[in-house]
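Each remark here refers to the structure printed beneath this line.
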Amino acid sequence: MLEPALLGDTTLILILAAAALIIAWFGSKMAKIADIIADRTGLGEALIGAVLLGAGTSISGIVTSVSTAAQGAPDLSVSNALGGIAAQTMFLALADLFYRRVNLEHAGASPVNLGQATVLIVLSILPILAFTLPPIVVWGFNPLSPLMIAVYLIGLSSAHGIHERPMWLPRQTPDLRNEADDTEHDPRETINLAASFFGLLVIVGSCGWVLGEVGIEMSSRYNISQGVVGALLTAVITSLPELVTTIAAVRRGALQLAIGGIIGGNMFDALFISASDFAYRDGSIYHAVSERTVFWMALVALMTTVLLLGLLRREKQGPAGIGWESIWLLVLWVGGAGSQVWLG
């Protein structure tokens, strides 16, 4: 059993670094598996990115949020979820740098990703509404928590409907990268790939629990607010698989998988808040968090809106060979992170 309070500063930092490396290494292995499964199943890169890659690479984050909520650390728990969404959205701007032909949002346009981004904005705003409403608790949790799960499931169903019967399609350009299905394969190979994928979930999820334990101890030992530790330490570390897998997917040309993995993963990450509310035993977690955590809720909604506009506009190139939305995503994340660190 890990007891962070008994460990020295150096040991604590080494454990943190080891967990980060394991999460990044094994999480990156999920991208190639998800890409292959997307092609073989015919479900599409954007939808598979949302369900398999998005949820899979987020496993360490949800373990971190739930474990810290259960121990009575609501700010760390919720800010871990929101900080992860903000960081992962910013990762798309970094990935844009690795696709030099045109702006990533131009080449990876997909109606599924547009729909998912819209659902993500809804999921980002619902906790803010809960924060402003009376602290209603039914059976130990706020009624908004199951509502968020319902919105997520409706969003997935809508995304599948958009993929199967799209009513809007991106204008075809020479730089648009379309999906290609791989129908020539042995079904047993797909089963083996799925088994490997879920084996990786166990490893990455275990590291998420370790991060939660270390995060709580670091917040207490170094007198750092739980919001800063959650949004800028545990959130960024648990988001490393998204950074690695997104860049890897972009370099392989799986652009819709890259964008869908981030947006879909962010949709799943929003459910960390619901899961944390179920695990938190002292009432509604939406009313236990500070205004600084609500700041991250608003920042996530703003960053997702900027991304959605970029996907709609499809600018071919902007400053430094990337789109203006990528510039603004970087500015918003750096500005938001800097302001929270400055506030202490």
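By convention here, the chains of the structure tokens are called A, B, ... in the order presented, each chain's residues are numbered starting at 1, and ligands are numbered starting at 1 in the order presented.
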
> So which residues of stretch 122-299 of chain A fall under helix (DSSP H, G or I) by DSSP, listed as a PyMOL selection string?
Replying inline: chain A and resi 122-132+144-164+187-221+226-238+240-251+255-279+285-287+291-299

>> Quick one: residues within 6 Å of stretch 223-239 of chain A, only C-alpha atoms, excluding same-chain residues fewer than 2 positions away - as number ranges by chain?
In response: A: 20, 60-61, 75-76, 79-80, 83-84, 219-221, 241-242

Save out the residues we just selected, N, CA and C atoms, as a PDB file, in the first residue's frame.
```pdb
ATOM      1  N   ALA A  20       4.511   9.236 -14.741  1.00  0.00           N
ATOM      2  CA  ALA A  20       4.334  10.019 -15.974  1.00  0.00           C
ATOM      3  C   ALA A  20       4.911   9.277 -17.172  1.00  0.00           C
ATOM      4  N   SER A  60      -6.352   6.805 -16.741  1.00  0.00           N
ATOM      5  CA  SER A  60      -5.549   7.239 -15.587  1.00  0.00           C
ATOM      6  C   SER A  60      -6.163   8.476 -14.947  1.00  0.00           C
ATOM      7  N   GLY A  61      -6.745   9.349 -15.767  1.00  0.00           N
ATOM      8  CA  GLY A  61      -7.360  10.562 -15.246  1.00  0.00           C
ATOM      9  C   GLY A  61      -8.588  10.283 -14.398  1.00  0.00           C
ATOM     10  N   ASP A  75     -11.550  19.813  -4.891  1.00  0.00           N
ATOM     11  CA  ASP A  75     -10.915  20.715  -5.840  1.00  0.00           C
ATOM     12  C   ASP A  75      -9.894  19.986  -6.710  1.00  0.00           C
ATOM     13  N   LEU A  76      -9.087  19.125  -6.091  1.00  0.00           N
ATOM     14  CA  LEU A  76      -8.096  18.372  -6.862  1.00  0.00           C
ATOM     15  C   LEU A  76      -8.797  17.444  -7.844  1.00  0.00           C
ATOM     16  N   SER A  79     -10.700  19.685 -10.650  1.00  0.00           N
ATOM     17  CA  SER A  79      -9.745  20.437 -11.458  1.00  0.00           C
ATOM     18  C   SER A  79      -8.852  19.504 -12.271  1.00  0.00           C
ATOM     19  N   ASN A  80      -8.646  18.282 -11.787  1.00  0.00           N
ATOM     20  CA  ASN A  80      -7.901  17.290 -12.575  1.00  0.00           C
ATOM     21  C   ASN A  80      -8.638  16.994 -13.878  1.00  0.00           C
ATOM     22  N   GLY A  83      -8.698  20.477 -15.949  1.00  0.00           N
ATOM     23  CA  GLY A  83      -7.359  20.797 -16.425  1.00  0.00           C
ATOM     24  C   GLY A  83      -6.920  19.863 -17.531  1.00  0.00           C
ATOM     25  N   GLY A  84      -7.344  18.598 -17.432  1.00  0.00           N
ATOM     26  CA  GLY A  84      -7.026  17.647 -18.493  1.00  0.00           C
ATOM     27  C   GLY A  84      -7.695  18.013 -19.803  1.00  0.00           C
ATOM     28  N   SER A 219       0.068  18.544  -2.447  1.00  0.00           N
ATOM     29  CA  SER A 219      -0.734  19.716  -2.122  1.00  0.00           C
ATOM     30  C   SER A 219      -0.595  20.073  -0.648  1.00  0.00           C
ATOM     31  N   SER A 220      -0.613  19.054   0.212  1.00  0.00           N
ATOM     32  CA  SER A 220      -0.497  19.280   1.648  1.00  0.00           C
ATOM     33  C   SER A 220       0.921  19.636   2.062  1.00  0.00           C
ATOM     34  N   ARG A 221       1.895  18.912   1.530  1.00  0.00           N
ATOM     35  CA  ARG A 221       3.278  19.096   1.965  1.00  0.00           C
ATOM     36  C   ARG A 221       3.852  20.429   1.538  1.00  0.00           C
ATOM     37  N   PRO A 241      -0.770  10.661 -22.529  1.00  0.00           N
ATOM     38  CA  PRO A 241      -1.113   9.743 -23.625  1.00  0.00           C
ATOM     39  C   PRO A 241      -1.810  10.444 -24.783  1.00  0.00           C
ATOM     40  N   GLU A 242      -2.687  11.406 -24.469  1.00  0.00           N
ATOM     41  CA  GLU A 242      -3.376  12.148 -25.524  1.00  0.00           C
ATOM     42  C   GLU A 242      -2.386  12.942 -26.375  1.00  0.00           C
TER      43      GLU A 242
END
```

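For the residues A:Phe26, A:Leu129, A:Gly335, A:Ala107, ranking by smallest atom-to-atom distance to A:Pro170 using only C-alpha atoms places A:Ala107 first.
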
>> List as a PyMOL selection string the protein and nucleic acid residues near A:Ala24, meaning an atom at most 6 Å away when only C-alpha atoms are counted, but skip any in the same chain fewer than 3 places from it.
In response: chain A and resi 21+27-28+240-241

> Restricting the calculation to only C-alpha atoms, which member of A:Val151, A:Leu299, A:Val102, A:Leu133 is positioned closest to A:Pro319?
Replying inline: A:Val102

>> List the spatial neighbours of A:Ile15 as a list in words - criterion: any atom at most 12 Å away, only C-alpha atoms, same-chain residues fewer than 3 positions off excluded.
In response: Leu2, Glu3, Pro4, Leu7, Gly8, Asp9, Thr10, Thr11, Leu12, Ala18, Ala19, Ala20, Leu21, Ile22, Cys207, Gly208, Trp209, Val210, Leu211, Gly212, Glu213, Val214, Gly215 and Met218 of chain A

>> Residues near A:Phe91, anyone? I mean within 12 Å using only C-alpha atoms, not counting same-chain ones fewer than 2 positions away, as a PyMOL selection string.
In response: chain A and resi 84-89+93-98+104+236+239-247+250+258-259+261-263+266+303+307+326-327+329-330+333-334

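Of the listed residues A:Ala275, A:Leu153, A:Leu169, A:Leu147, the one whose atoms come nearest to A:Val63 is A:Ala275, with distances taken using only C-alpha atoms.
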
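Between A:Thr173 and the candidates A:Asp282, A:Glu217, A:Asp269, A:Glu315, the tightest atom-to-atom separation, counting only C-alpha atoms, involves A:Glu315.
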
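When atom CA of A:Pro174 is paired with atom CA of A:Thr304, their separation reads 26.7 Å.
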
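Counting from atom CA of A:Asn103, the distance to atom CA of A:Phe295 is 29.1 Å.
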
> A:Leu126: which residues within 12 Å, counting only C-alpha atoms, same-chain residues fewer than 2 positions away excluded, as a PyMOL selection string?
Replying inline: chain A and resi 119-124+128-133+142-149+151-152+270-271+273-274+286+294+297-298+300-301
